[in-house]
Each structure stands twice: as structure tokens, then as C-alpha cells.
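Trainee: There's a structure below that I have some questions on.
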Amino acid sequence: MVVRLHTFLFADLVDFTRFAARCGDEQAADLAVDFQERVRALAAALGCETVSTHGDAVLVRSDDVEQALALGGAILGLSATGELARVRVGLDTGSASRRGADWFGTTVNTASRVSAAAGAGELVLSERSREAYASARGADVRRLGRRRLKGLCAQTLYVAAAGGRTAGRRAGAAGR
């Protein structure tokens with residue numbers, strides 16, 4: 001039996017809770033919905049499937065790790081141009097199970113945890129996503145090191161370069 005691999009991308013707004021407390025529910029809801037709509041449009045343009053949204057977060061699935069990385073870069077690009085608040089993105093690649101319109105499994109959960117380990121403006125990959133990308137093209141990533149992810153074993157994470165330079169923290173910086 002051939003196991004089909006999927007890459008899941010989880011993106012959310014950094015410090016959204018603080019923003020909501022400072023600016024109010026209406027402005028926070030407007031920001032979250034704007035973010036979700038922009039990610040949906042970018043995902044569709046790149047052939048990725050928006051799986052779900054919750055609050056300030058978006059979960060996207062792709063059959064191709066390169067498409068998911070391109071989407072992650074495009075999402076961070078929105079933040080870098082000042083069109084959106086600060087964003088962080090995490091990816092994991094592996095198997096998953098579909099039930100109706102939703103996806104389940106460790107790969108989905110890991111993408112969420114990898115995103116939580118990312119800093120503002122970072123696109124962070126699991127080891128599995130880095131391996132899938134490296135086997136396809138050769139990855140322009142740098143090692144962040146081993147991180148303990150909530151509910152999972154410690155994993156080696158990587159940050160992808162954005163626009164030819166490595167975004168976010170310095171190599172070896174401590175995760176949150």
C-alpha cells in the first residue's frame with residue numbers, strides 16, 4: 001500500500017490575543033477575517049486547499065511541499081509589506097486521514113505545533129518537510145535545532161529562507 005503524503009501549513013497572527021484586548025473584538029475580528037480571506041486567495045492561486053480557519057489561524061493542505069513553501073512565503077510577504085499584522089507559519093509533511101471536509105492526524109497536529117515554535121515573520125519546517133523539500137530541489141533552510149513541541153517528542157526544526165535571506169531569529173536561538 002502506497003502512503004500518500006500531504007504537507008500541512010498552519011499560519012496565524014502573532015500576538016493576536018494582545019491585539020484583541022487592546023483594540024477590541026470588532027477590530028480583531030476584522031483583522032482575522034481579512035487574514036483568512038487573503039490566505040484563502042493565495043492558497044487557491046497556488047493550488048492548495050484551505051482546510052479550516054479558527055480565530056486568527058488558517059490550516060492549508062497541499063499535495064506538494066514546494067507549493068506549501070511558496071504559500072508560506074507569500075503569507076509572510078503580506079506581513080512584510082505591512083498589509084497584515086505579524087504572521088508565523090509552520091509546515092509538516094506526512095500522512096493524514098480525511099473525514100468529510102476536514103483532515104486529521106499527527107501531521108496536522110505537528111504543523112500547528114511547528115507554527116507555535118516559529119517567531120514573527122518565520123516559516124518553520126519540520127524535519128519531514130525539510131526532507132521532502134530537499135529530495136525535490138535542495139532546501140534553502142537553516143537549522144533552528146531541537147525543540148520540544150507540545151504533546152510530541154522533541155524534533156529538529158528548520159527555518160526557510162525568505163527572499164534569498166534567512167528570516168527571523170539567528171541560528172540556534174532559543175524557541176518559545
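Please note that chains go A, B, ... in the order of the C-alpha cells, that every chain numbers its residues from 1, and that ligands are numbered from 1 in the order shown.
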Would you list the contacts of Leu76 (chain A) as a VMD selection string, taking every protein, DNA or RNA residue within 8 Å and counting only C-alpha atoms, but skipping same-chain residues closer than 6 positions in sequence?
Mentor: chain A and resid 87 to 89 121 to 123
Trainee: Produce a table with one row for each residue of region 34-117 of chain A that has an atom at most 12 Å from any atom of region 17-20 of chain A, each row naming the nearest atom pair and its distance in Å at one decimal; use only C-alpha atoms; arrange rows by chain and rising residue number; format as a Markdown table.
Mentor:
```
| residue | atom | partner | partner_atom | distance |
| --- | --- | --- | --- | --- |
| A:Gly55 | CA | A:Thr17 | CA | 10.0 |
| A:Asp56 | CA | A:Thr17 | CA | 9.2 |
| A:Ala57 | CA | A:Thr17 | CA | 11.9 |
| A:Ala85 | CA | A:Phe19 | CA | 9.5 |
| A:Arg86 | CA | A:Phe19 | CA | 11.0 |
```
Trainee: Write the residues of the selection above to a file with N, CA and C atoms, as a PDB file, in the first residue's frame.
Mentor:
```pdb
ATOM      1  N   GLY A  55     -10.489  31.398  14.519  1.00  0.00           N
ATOM      2  CA  GLY A  55      -9.939  32.637  15.082  1.00  0.00           C
ATOM      3  C   GLY A  55      -8.972  33.276  14.106  1.00  0.00           C
ATOM      4  N   ASP A  56      -7.736  33.444  14.537  1.00  0.00           N
ATOM      5  CA  ASP A  56      -6.710  34.087  13.712  1.00  0.00           C
ATOM      6  C   ASP A  56      -5.829  33.078  12.982  1.00  0.00           C
ATOM      7  N   ALA A  57      -6.248  31.821  12.921  1.00  0.00           N
ATOM      8  CA  ALA A  57      -5.410  30.775  12.337  1.00  0.00           C
ATOM      9  C   ALA A  57      -6.051  30.171  11.094  1.00  0.00           C
ATOM     10  N   ALA A  85      -0.791  42.222  10.047  1.00  0.00           N
ATOM     11  CA  ALA A  85      -0.004  42.142  11.270  1.00  0.00           C
ATOM     12  C   ALA A  85       1.071  41.067  11.105  1.00  0.00           C
ATOM     13  N   ARG A  86       1.900  40.917  12.094  1.00  0.00           N
ATOM     14  CA  ARG A  86       2.960  39.910  12.034  1.00  0.00           C
ATOM     15  C   ARG A  86       2.367  38.503  11.993  1.00  0.00           C
TER      16      ARG A  86
END
```
Trainee: Using only C-alpha atoms, can you tell me which of A:Gly24, A:Leu157, A:Val141, A:Gly73 comes closest to Val114 (chain A)?
Mentor: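 Among the listed residues, A:Leu157 lies closest to Val114 (chain A).
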Trainee: Please identify all polymer residues within 7 Å of Gly94 (chain A), counting only C-alpha atoms, omitting same-chain residues fewer than 5 positions from it, and present them as a PyMOL selection string.
Mentor: chain A and resi 5-7+107
Trainee: Which residues come within 7 Å of Arg142 (chain A), counting only C-alpha atoms, excluding same-chain residues fewer than 6 positions away, as a ChimeraX atom specification?
Mentor: /A:158-160
Trainee: Rank A:Arg128, A:His54, A:Lys150, A:Arg4 by their smallest atom-to-atom distance to Ala116 (chain A), using only C-alpha atoms, and report the top residue only.
Mentor: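 With only C-alpha atoms as the atom set, the closest residue is A:Lys150.
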Trainee: Excluding Ala111 (chain A) and residues on its chain fewer than 4 positions from it, collect all residues at most 10 Å away from it, counting only C-alpha atoms, and give them as a ChimeraX atom specification.
Mentor: /A:7-11,59-60,89-93,106-107,115-117,124-126,129
Trainee: Quick check, in Å to one decimal: how far apart do CA of Leu46 (chain A) and CA of Gln27 (chain A) lie?
Mentor: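 CA of Leu46 (chain A) sits 28.8 Å away from CA of Gln27 (chain A).
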Trainee: Can you list, as JSON, numbers by chain, every residue of chain A that DSSP puts in helix (DSSP H, G or I)?
Mentor: {"A": [16, 17, 18, 19, 20, 21, 22, 23, 25, 26, 27, 28, 29, 30, 31, 32, 33, 34, 35, 36, 37, 38, 39, 40, 41, 42, 43, 44, 45, 65, 66, 67, 68, 69, 70, 71, 72, 73, 74, 75, 76, 77, 78, 79, 80, 106, 107, 108, 109, 110, 111, 112, 113, 114, 115, 116, 117, 127, 128, 129, 130, 131, 132, 133, 134, 135, 136]}
Trainee: Please give the complete set of residues from region 31-106 of chain A that DSSP, run on the backbone, assigns to strand (DSSP E or B), formatted as a list in words.
Mentor: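 Going through region 31-106 of chain A, the strand (DSSP E or B) residues come out as Glu49, Thr50, Val51, Ser52, Thr53, His54, Ala57, Val58, Leu59, Val60, Arg61, Ser62, Val87, Arg88, Val89, Gly90, Leu91, Asp92, Thr93, Gly94, Ser97, Arg98, Arg99, Asp102, Trp103 and Phe104 of chain A.
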Trainee: One number please: CA of Arg40 (chain A) to CA of Glu26 (chain A), in Å, one decimal.
Mentor: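 Between CA of Arg40 (chain A) and CA of Glu26 (chain A) the gap works out to 21.0 Å.
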Trainee: Set out as a tab-separated table a contact list for region 2-87 of chain A and region 101-105 of chain A with a cut-off of 9 Å, giving each residue of region 2-87 of chain A that qualifies its closest atom pair and distance in Å to one decimal, counting only C-alpha atoms, ordered by chain and rising residue number.
Mentor:
```
residue	atom	partner	partner_atom	distance
A:Val51	CA	A:Asp102	CA	6.1
A:Ser52	CA	A:Asp102	CA	7.4
A:Arg61	CA	A:Trp103	CA	8.7
```
Trainee: In Å to one decimal, how far is CA of Ala32 (chain A) from CA of Ser79 (chain A)?
Mentor: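 Value for the CA of Ser79 (chain A)-CA of Ala32 (chain A) distance: 13.1 Å.
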Trainee: Which residues are near Ala44 (chain A)? Cut-off 12 Å, only C-alpha atoms, ignore same chain within fewer than 4 positions. Put them as a list of chain:residue names.
Mentor: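 Here the qualifying residues turn out to be A:Glu37, A:Arg38, A:Val39, A:Arg40, A:Cys48, A:Glu49, A:Thr50, A:Val51, A:Val60, A:Arg61, A:Ser62, A:Gln67, A:Ala68, A:Leu71.
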